[in-house]
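Heads up, upload_11.cif below (mmCIF, C-alpha atoms):
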data_run
loop_
_atom_site.label_atom_id
_atom_site.label_comp_id
_atom_site.auth_asym_id
_atom_site.auth_seq_id
_atom_site.Cartn_x
_atom_site.Cartn_y
_atom_site.Cartn_z
CA MET A 1 -73.77 27.95 21.88
CA PHE A 2 -75.54 24.69 21.29
CA ASP A 3 -74.19 21.23 20.84
CA SER A 4 -75.86 20.26 17.58
CA LEU A 5 -75.71 16.56 18.26
CA PHE A 6 -77.61 16.56 21.58
CA GLY A 7 -79.15 20.06 21.51
CA ARG A 8 -77.52 21.12 24.77
CA LYS A 9 -76.08 24.48 25.56
CA LYS A 10 -72.28 24.64 25.78
CA ALA A 11 -70.29 26.95 28.00
CA PRO A 12 -67.81 29.12 26.14
CA VAL A 13 -64.18 28.07 26.56
CA ARG A 14 -61.76 30.80 27.51
CA ALA A 15 -57.99 30.54 27.55
CA ALA A 16 -56.53 31.33 30.92
CA ARG A 17 -53.42 33.43 31.06
CA SER A 18 -50.38 31.45 32.07
CA GLN A 19 -48.75 32.44 35.31
CA LYS A 20 -45.65 30.34 34.53
CA PRO A 21 -42.29 32.10 34.71
CA SER A 22 -40.83 32.98 31.35
CA VAL A 23 -37.99 30.86 29.99
CA LYS A 24 -37.00 33.62 27.64
CA PRO A 25 -34.18 35.06 29.84
CA ALA A 26 -32.49 31.64 30.15
CA PHE A 27 -32.75 31.14 26.39
CA GLU A 28 -31.36 34.62 25.74
CA ALA A 29 -28.44 33.91 28.10
CA LEU A 30 -27.61 30.71 26.20
CA GLU A 31 -27.98 32.50 22.88
CA HIS A 32 -25.71 35.30 24.12
CA ARG A 33 -23.09 32.78 25.30
CA GLU A 34 -23.15 31.11 21.89
CA LEU A 35 -22.67 34.47 20.18
CA MET A 36 -19.80 35.45 22.48
CA ASN A 37 -18.02 32.06 22.40
CA ALA A 38 -14.81 31.89 20.38
CA ALA A 39 -14.48 28.79 18.19
CA PRO A 40 -11.50 26.48 18.77
CA VAL A 41 -8.51 26.86 16.45
CA ILE A 42 -6.75 23.70 15.23
CA THR A 43 -3.05 23.89 14.38
CA PRO A 44 -2.60 22.13 11.01
CA PRO A 45 -0.24 19.17 11.47
CA SER A 46 2.61 18.44 9.09
CA THR A 47 1.73 15.59 6.74
CA PRO A 48 2.45 12.35 8.62
CA TYR A 49 4.22 9.58 6.68
CA SER A 50 3.77 6.11 8.17
CA TYR A 51 4.27 2.48 7.23
CA GLU A 52 1.60 -0.17 7.57
CA GLY A 53 1.93 -1.76 10.99
CA ALA A 54 3.10 1.48 12.66
CA SER A 55 1.63 1.63 16.15
CA GLY A 56 1.43 3.71 19.30
CA GLY A 57 0.63 7.38 19.72
CA LEU A 58 1.27 8.48 16.14
CA LEU A 59 0.05 12.09 16.07
CA GLN A 60 -1.14 14.66 18.62
CA ILE A 61 -3.72 17.10 17.28
CA VAL A 62 -3.25 20.53 18.88
CA ALA A 63 -6.03 23.08 19.22
CA THR A 64 -6.55 26.19 21.33
CA ASP A 65 -9.63 27.96 22.59
CA ALA A 66 -9.55 31.71 23.34
CA ASP A 67 -12.22 31.23 26.04
CA SER A 68 -10.14 28.48 27.71
CA ASP A 69 -13.07 26.08 27.31
CA PRO A 70 -12.05 22.41 27.64
CA LEU A 71 -11.77 20.76 24.23
CA THR A 72 -12.69 17.30 23.02
CA TYR A 73 -11.69 15.82 19.69
CA SER A 74 -13.15 13.50 17.09
CA ALA A 75 -12.02 12.34 13.64
CA VAL A 76 -13.25 10.55 10.54
CA GLY A 77 -11.25 9.21 7.60
CA LEU A 78 -8.19 8.11 9.58
CA PRO A 79 -6.03 5.28 8.20
CA PRO A 80 -7.60 1.92 9.15
CA GLY A 81 -6.72 0.84 12.69
CA LEU A 82 -6.31 4.36 14.11
CA THR A 83 -8.62 6.28 16.44
CA ILE A 84 -8.50 9.65 18.17
CA ASP A 85 -9.11 10.04 21.88
CA SER A 86 -10.83 12.97 23.58
CA SER A 87 -7.45 14.68 24.18
CA GLY A 88 -6.56 14.68 20.46
CA MET A 89 -4.03 11.80 20.42
CA ILE A 90 -4.30 9.66 17.29
CA ALA A 91 -3.13 6.17 18.15
CA GLY A 92 -3.54 2.50 17.30
CA LYS A 93 -1.89 0.24 14.75
CA ILE A 94 -2.19 0.94 11.04
CA HIS A 95 -3.65 -2.11 9.28
CA TYR A 96 -1.39 -3.96 6.86
CA SER A 97 -4.03 -3.47 4.16
CA ALA A 98 -4.01 0.35 4.43
CA ALA A 99 -1.66 1.08 1.51
CA SER A 100 -1.65 -0.13 -2.06
CA SER A 101 0.69 -3.05 -2.63
CA GLY A 102 4.25 -1.83 -3.14
CA GLY A 103 3.18 1.81 -2.98
CA SER A 104 1.45 4.29 -0.76
CA THR A 105 -2.06 5.58 -0.13
CA THR A 106 -2.99 9.09 0.95
CA PHE A 107 -5.78 9.45 3.49
CA PHE A 108 -7.65 12.72 4.10
CA PRO A 109 -8.76 12.68 7.75
CA LEU A 110 -11.13 15.32 9.11
CA VAL A 111 -10.46 16.20 12.75
CA THR A 112 -12.86 18.24 14.86
CA ALA A 113 -12.23 20.16 18.10
CA PHE A 114 -15.34 20.91 20.18
CA ASP A 115 -15.51 23.33 23.13
CA GLY A 116 -18.99 22.39 24.31
CA ILE A 117 -20.68 25.06 22.19
CA THR A 118 -18.89 25.41 18.87
CA SER A 119 -16.63 23.17 16.85
CA THR A 120 -13.94 23.62 14.25
CA SER A 121 -12.86 20.99 11.73
CA LEU A 122 -9.70 20.61 9.66
CA ASN A 123 -8.68 18.23 6.86
CA PHE A 124 -5.08 17.13 6.41
CA ASN A 125 -3.19 14.47 4.44
CA TRP A 126 -1.77 11.27 5.94
CA VAL A 127 0.43 9.09 3.70
CA VAL A 128 0.68 5.39 4.49
CA SER A 129 3.27 3.31 2.64
CA ASP A 130 3.26 -0.42 2.12
CA VAL A 131 5.65 -2.33 4.36
CA PRO A 132 9.10 -1.93 2.77
CA LEU A 133 10.06 -4.58 0.28
CA PHE A 134 13.73 -5.30 -0.27
CA GLY A 135 14.88 -5.88 -3.82
CA TRP A 136 17.23 -8.75 -3.05
CA GLY A 137 14.56 -11.16 -1.74
CA SER A 138 14.13 -13.04 1.48
CA TYR A 139 17.35 -15.08 1.43
CA TRP A 140 20.94 -14.37 0.55
CA TYR A 141 23.61 -17.00 0.26
CA GLY A 142 27.34 -16.48 0.23
CA ASN A 143 30.61 -18.34 0.65
CA GLU A 144 33.30 -18.05 3.30
CA GLY A 145 35.86 -15.42 2.36
CA GLN A 146 33.32 -13.44 0.35
CA THR A 147 32.70 -9.71 0.89
CA VAL A 148 29.09 -8.91 1.67
CA SER A 149 27.58 -5.62 0.46
CA LEU A 150 23.80 -5.45 0.31
CA ASP A 151 21.69 -2.33 0.02
CA LEU A 152 18.67 -2.85 2.26
CA ALA A 153 16.93 0.36 1.21
CA PRO A 154 13.31 -0.56 0.48
CA THR A 155 11.66 0.08 -2.84
CA ALA A 156 9.34 2.69 -1.27
CA ALA A 157 11.50 4.38 1.40
CA VAL A 158 10.15 7.30 3.35
CA SER A 159 12.46 10.24 3.93
CA GLY A 160 14.21 9.99 7.30
CA THR A 161 14.02 6.18 7.49
CA THR A 162 16.53 4.63 9.86
CA TYR A 163 17.50 0.96 9.92
CA THR A 164 18.07 -1.34 12.87
CA SER A 165 19.08 -4.95 13.16
CA SER A 166 19.31 -7.72 15.72
CA ASN A 167 21.02 -11.09 15.85
CA LEU A 168 23.50 -10.31 13.06
CA PRO A 169 26.70 -12.36 12.98
CA ALA A 170 29.71 -10.51 14.43
CA TRP A 171 31.30 -10.09 10.98
CA LEU A 172 28.23 -8.26 9.55
CA ALA A 173 27.28 -4.60 10.17
CA LEU A 174 24.30 -2.47 9.22
CA ASP A 175 24.60 1.27 8.48
CA ALA A 176 21.56 2.77 10.27
CA ALA A 177 21.40 5.81 7.94
CA THR A 178 21.74 4.13 4.53
CA GLY A 179 20.48 0.59 5.12
CA LYS A 180 23.67 -0.91 3.71
CA LEU A 181 24.68 -4.31 5.10
CA THR A 182 28.42 -4.93 4.84
CA GLY A 183 30.95 -7.41 6.12
CA TYR A 184 33.43 -10.17 5.26
CA MET A 185 32.43 -13.83 5.63
#

Produce C-alpha cells that represent the structure in this file.
Amino acid sequence: MFDSLFGRKKAPVRAARSQKPSVKPAFEALEHRELMNAAPVITPPSTPYSYEGASGGLLQIVATDADSDPLTYSAVGLPPGLTIDSSGMIAGKIHYSAASSGGSTTFFPLVTAFDGITSTSLNFNWVVSDVPLFGWGSYWYGNEGQTVSLDLAPTAAVSGTTYTSSNLPAWLALDAATGKLTGYM
C-alpha cells in the first residue's frame, strides 16, 4: 500500500482481538431480572371529595409488589396545592382557586408506583368543591325574644358533611349533622 500524497509505503492495519471480559452475562442477568419482575399493583382509591382549603394528609395511595420490592410513588394532575411523597401520601393544602366558583371541579390525577424496575400507573377522580356558601349571607340580625332557626347547609354540600361551631352565645345551638342553628334570643 502506498500513501498517494507522499508516495510512501503504508503498513497494513489489523484489528487486534479484544481480550476484555464480556459484559454479556451481566446484561443478560439484568434482562432476566426485568423479565421475572412483577409489576406493582395499585389499589384504586374511592373518589375523594374535598373542599378548597382542605389540608393535611388527604389520601394514602396503596400499592403492593409481589416481589416485595420497595415502592416509591409519583403523581401528576393533583388538585393545586397537593403533592405526593415517596410513601404514597397525598398531602398539602388545596388552593382556594381549585374549584369553579359556587360549584365543583373534577381532577383526574395519575399516580405511579415504581419498584425500581417496573412501574404501574392509575388514573382516578378527585372532586374539589368551592368553599361552602351559606344562603342567608354573612350577617343575621334578630330581636330579643325572637326564635332563631337558620339552616346553615351550604349551597354545594358534600355528602357526610358535619358542622362545628365556636364562640356561640349560650342560647344558640348548632346541630352537627344538619347544620341547623337554633335558639331563643

Query raised in the report: For Thr105 in chain A, which residue among A:Glu52, A:Asp67, A:Asp175, A:Asp151 is the nearest when counting all atoms listed in the file?
Result: A:Glu52

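Interatomic distance, CA of Tyr163 in chain A against CA of Pro44 in chain A: 29.2 Å.
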
Query raised in the report: Can you find the residues with an atom no farther than 8 Å from (3.5, 8.7, 7.3), counting all atoms listed in the file, and report them as a PyMOL selection string?
Result: chain A and resi 47-51+126-129+158

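Using only C-alpha atoms, the shortest contact distance between Ala39 in chain A and any of A:Ser55, A:Thr182, A:Thr147, A:Thr118 is found at A:Thr118.
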
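Minimum atom-to-atom distances from A:Asp115, A:Asp85, A:Asp69, A:Asp130 to Ala99 in chain A were compared using all atoms listed in the file, and the lowest value belongs to A:Asp130.
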
Query raised in the report: the PyMOL selection byres ((chain A and resi 56-63) around 10) on the file shown: which residues, as an MDAnalysis selection string?
Result: chainID A and resid 40:46 48:50 53:55 64:65 71:73 82:85 87:94 111:114 120

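Nearest residue to Ser74 in chain A among A:Ser166, A:Ser86, A:Ser119, A:Ser149 is A:Ser86, counting all atoms listed in the file.
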
Where atoms are absent from range 96-111 of chain A, fill them in so it carries N, CA, C and O atoms, then output it as a compact mmCIF listing (two decimals), in the coordinates of the input.
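Result saved to selection_7.txt:
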# COMPACT_ATOMS: atom_id res chain seq x y z
N TYR A 96 -2.31 -3.60 7.95
CA TYR A 96 -1.39 -3.96 6.86
C TYR A 96 -2.05 -3.87 5.49
O TYR A 96 -1.39 -3.98 4.48
N SER A 97 -3.33 -3.62 5.44
CA SER A 97 -4.03 -3.47 4.16
C SER A 97 -4.28 -2.00 3.83
O SER A 97 -4.99 -1.69 2.87
N ALA A 98 -3.71 -1.08 4.59
CA ALA A 98 -4.01 0.35 4.43
C ALA A 98 -3.45 0.94 3.14
O ALA A 98 -4.06 1.84 2.56
N ALA A 99 -2.29 0.49 2.69
CA ALA A 99 -1.66 1.08 1.51
C ALA A 99 -1.77 0.12 0.32
O ALA A 99 -1.93 -1.08 0.49
N SER A 100 -1.65 0.70 -0.86
CA SER A 100 -1.65 -0.13 -2.06
C SER A 100 -0.37 -0.96 -2.08
O SER A 100 0.67 -0.53 -1.59
N SER A 101 -0.44 -2.14 -2.62
CA SER A 101 0.69 -3.05 -2.63
C SER A 101 1.90 -2.44 -3.33
O SER A 101 1.82 -2.02 -4.48
N GLY A 102 3.01 -2.37 -2.59
CA GLY A 102 4.25 -1.83 -3.14
C GLY A 102 4.25 -0.33 -3.30
O GLY A 102 5.18 0.24 -3.84
N GLY A 103 3.24 0.36 -2.83
CA GLY A 103 3.18 1.81 -2.98
C GLY A 103 2.69 2.49 -1.72
O GLY A 103 2.93 2.02 -0.61
N SER A 104 1.98 3.56 -1.91
CA SER A 104 1.45 4.29 -0.76
C SER A 104 0.04 4.78 -1.08
O SER A 104 -0.36 4.86 -2.23
N THR A 105 -0.71 5.07 -0.01
CA THR A 105 -2.06 5.58 -0.13
C THR A 105 -2.16 6.83 0.73
O THR A 105 -1.67 6.86 1.86
N THR A 106 -2.78 7.87 0.19
CA THR A 106 -2.99 9.09 0.95
C THR A 106 -4.40 9.11 1.50
O THR A 106 -5.36 8.92 0.77
N PHE A 107 -4.49 9.32 2.81
CA PHE A 107 -5.78 9.45 3.49
C PHE A 107 -6.01 10.92 3.77
O PHE A 107 -5.06 11.71 3.88
N PHE A 108 -7.28 11.32 3.87
CA PHE A 108 -7.65 12.72 4.10
C PHE A 108 -8.54 12.83 5.34
O PHE A 108 -9.74 13.08 5.23
N PRO A 109 -7.95 12.62 6.54
CA PRO A 109 -8.76 12.68 7.75
C PRO A 109 -9.34 14.07 7.99
O PRO A 109 -8.76 15.08 7.59
N LEU A 110 -10.49 14.08 8.66
CA LEU A 110 -11.13 15.32 9.11
C LEU A 110 -11.17 15.25 10.62
O LEU A 110 -11.80 14.36 11.19
N VAL A 111 -10.44 16.15 11.30
CA VAL A 111 -10.46 16.20 12.75
C VAL A 111 -11.32 17.39 13.20
O VAL A 111 -11.37 18.41 12.52
